[in-house]
Amino acid sequence: MLLRSISCISFFRCLLLAALMLSSHWAAADSAETALMPGKVIEGHAKYEDECKNCHKRFDKAAQTGLCLDCHKETAADVRSHKGYHGRLKDNECRTCHTDHKGRNAKIVIFDKTSFKHDETGFILEDKHKTAKCEGCHKPKLKYRETPSKCDSCHQKDDVHKGKLGLECGNCHDAKDWKKSTFDHEKSKFKLAGGKHADVKCEKCHFDKALKLDKTFKEASKECNSCHRKDDQAKGHKGRYGEKCETCHNDRSWKEIHFDHDKDTKYVLLDKHEKVKCDSCHLPAKPLYKQNLSTTCVACHRKDDKEKGHQGKLGDKCESCHTEKDWKTTKFDHDKDTKYPLKGKHRDAKCDTCHKSGVAGIASKKPLEKLETACVSCHRKDDQEKGHKGTYGAKCESCHTEKDWKTLTFDHTRDTKYPLKEKHVPVKCKSCHLPDKQLYGQKLETTCVSCHRKVDQEKAHKGTYGAKCESCHTEKDWKTLTFDHTRDTKYPLKGKHIPVKCKSCHLPDKQLYGQKLETTCISCHRKDDKHKDQLGTKCETCHTEESWTKTRFDHQRMSKYPLLGRHALVSCKKCHTALTYKDASKECFGCHEKDDKHKRRLGTECQDCHSARSWQAWDFDHNKTDFKLDGPHKKAANKCYDCHQKPMDKKVLASTACGSCHDREDVHNGSYGDRCDRCHDGNDWKQVKMGTIVPQK
């Protein structure tokens, strides 16, 4: 117990000493760790022994594995990719298996071959690999992880195929029995299943004179002819049908032929061609597949065409008319098979009538004759001798049909842009279409005046109404007019304008449609204007087309002088003595000068006192002026003329100074001016205002 206590005391002293050393300064940390190191590291780690931080991190045990992998990069790669022995371990802490500080010669890699689980490396030992010695695969001076896993790396000398089948030995062999192959021929490019090839021994196809069996297997040909050439020469086609036996035969039965000429070639055998033997078309002098046979009928039937047929005149396209079913029956339909259908009497015409040199030319090599489809190409002579002599152009079909040449189908209204109506219908073509030119070569104008200009000049309007005859006339009756000025123009005729003749407005020295007439009243009635332009150009403001003398002028709304009171009853002539209405004065005095009883002594602004309601009623108040009437002046209220003695224009202009009226009564003789009201009171002239300084005489 005593010894144990002494040992404990010593141990705690050591710890105390270490703690003092750590607390004194961190610079001495490495020396302290070295002092506490449990033992020497292995020889491979000796150079890192003085620096513990390379393998350890203070207070973090989990970081040790990462520090190990920083140096052991190959192992780190296995761990990251989860491959190899270390990459597949569930516990990947390095210190679990590898512990250090056991001395320089210590072995920290513990490997027991008997207990080692090889499956964890990714390479499972199966069958004969289980009994194989480790040294057989793991070579000396080579790390276990560097051992290759390919079969060829160990069995290259055993490869009887000499590498021609590749390095993936596992595709055919396994570790159970090397000599037995698992190769499936059906997975190759040459399948054996379903036919007689499945029973054939390998040596029959994979043949080598020295070895009897070609173990490279790559040298065997896939072509049928490579094995069956003798059969073809002795019993078959003798090489005439080429080397592609599979085109007709299969590996189930050589005699069974599956070739279908319709599906397997571009030339379908129909009707009588089905019974024809191959040699009839495929000549025996050349191999079947080396013959570039033409598919045209004439390639086989040229002799028949020359001896019994058309002698080459109808060209090489026999199929245009004939079929394989029956050579004598033709299927050619001129309507469907050409761009020119035969109609009417054309159906009875023989081919040679149009096709002078035969349907396809004299020799079969010449192309089909390109005939014109115009009627005149065949009937030009008929047109010159019996018809129109070329004057109506080349488009015979415009009027005639193949059914009957004499019956005309042309309809001028339907077939042209100019329909014939009424009296134009019976007119002969020559009347408009001059005979010295071709009918279709003439570009005739469709205006009326182009044909009727002479009539217009001699009997009608002489060109003054322009060229648009259809505006007034129709084809039904020339004399009946359809023109409606109200409907057909922007100026409707009303009232007395209706019976007015056209010439009254549309001057005869100019064309009717060439004149741009003004629609204002004044443009025609300027001479009739008795107002002498005083009321402007808008005559329609007061007048209408119904009656020029009746007016609709509203004095209240349309003038600047509304008629009020008694003025509303006054006739126009009372104020407007002449038709120059604007000369009338708007001033009262302009009309009532004779009625002025004041004789202008109260001015001419009558409206200041009087109104239009009643002349006798007036409401003038003198006190609302600049001179109020007070005192003795009140007595003079009805004696206006005592002060207003002189006639005046416009407003009354009278002096408000006392002296202007009382100058004779001024005892001061004007020495104190004319403003007597400064000293005197209007109520009593003799009374002087208080505070007034009376001057001494």
# chains A, B, ... in the order shown; residues from 1 in each chain; ligands from 1
>>> residues_around(residues="Ser571 in chain A", least_positions_apart="6", cutoff="12 Å", atoms="only C-alpha atoms", output="list in words")
His555, Leu563 and Thr577 of chain A
>>> write_last_selection(atoms="C-alpha atoms", output="short mmCIF file (atom, residue, chain, number, x, y, z; two decimals), in the first residue's frame")
data_model
loop_
_atom_site.label_atom_id
_atom_site.label_comp_id
_atom_site.auth_asym_id
_atom_site.auth_seq_id
_atom_site.Cartn_x
_atom_site.Cartn_y
_atom_site.Cartn_z
CA HIS A 555 -83.99 89.47 -84.77
CA LEU A 563 -86.37 93.72 -80.07
CA THR A 577 -85.73 102.30 -94.51
#
>>> select_by_dssp(residues="range 202-252 of chain A", states="helix (DSSP H, G or I)", output="list in words")
Cys202, Glu203, Lys204, Cys205, Asn225, Ser226, Cys227, His228, Arg229, Lys230, Asp231, Asp232, Gln233, Ala234, Cys245, Glu246 and Thr247 of chain A
>>> residues_around(residues="range 189-198 of chain A", least_positions_apart="5", cutoff="9 Å", atoms="only C-alpha atoms", output="PyMOL selection string")
chain A and resi 222+250-253
>>> write_last_selection(atoms="N, CA and C atoms", output="tab-separated table (two decimals), in the first residue's frame")
chain	number	residue	atom	x	y	z
A	222	LYS	N	-19.61	-15.63	-92.10
A	222	LYS	CA	-21.04	-15.69	-91.85
A	222	LYS	C	-21.83	-15.92	-93.13
A	250	ASN	N	-33.43	-20.66	-96.02
A	250	ASN	CA	-33.21	-20.45	-94.59
A	250	ASN	C	-32.59	-21.70	-93.98
A	251	ASP	N	-32.17	-21.61	-92.72
A	251	ASP	CA	-31.44	-22.72	-92.08
A	251	ASP	C	-32.37	-23.82	-91.57
A	252	ARG	N	-33.70	-23.64	-91.67
A	252	ARG	CA	-34.62	-24.70	-91.25
A	252	ARG	C	-34.70	-25.81	-92.30
A	253	SER	N	-34.79	-25.36	-93.58
A	253	SER	CA	-34.88	-26.34	-94.67
A	253	SER	C	-34.33	-25.70	-95.93
>>> residues_around(residues="range 67-69 of chain A", least_positions_apart="2", cutoff="8 Å", atoms="only C-alpha atoms", output="list in words")
Asn54, Cys55, His56, Ala63, Gln64, Thr65, Cys71, His72, Lys73, Thr75, Ala76 and Cys94 of chain A
>>> residues_around(residues="range 322-327 of chain A", least_positions_apart="4", cutoff="10 Å", atoms="only C-alpha atoms", output="ChimeraX atom specification")
/A:269-274,297,317-318,331-332
>>> atom_distance(atom1="CA of Lys277 in chain A", atom2="CA of Asp231 in chain A")
22.2 Å
>>> residues_around(residues="Ala654 in chain A", least_positions_apart="3", cutoff="10 Å", atoms="only C-alpha atoms", output="list in words")
Leu602, Phe627, Cys643, His644, Gln645, Lys646, Met648, Lys651, Ala657 and Ser660 of chain A
>>> residues_around(residues="range 139-143 of chain A", least_positions_apart="4", cutoff="12 Å", atoms="only C-alpha atoms", output="MDAnalysis selection string")
chainID A and resid 74:75 133:135 147:148 153:154
>>> closest_residue(among="A:His622, A:Lys530, A:His282, A:Lys496", to="Ala299 in chain A", atoms="only C-alpha atoms")
A:His282
>>> atom_distance(atom1="CA of His310 in chain A", atom2="CA of Glu402 in chain A")
28.8 Å
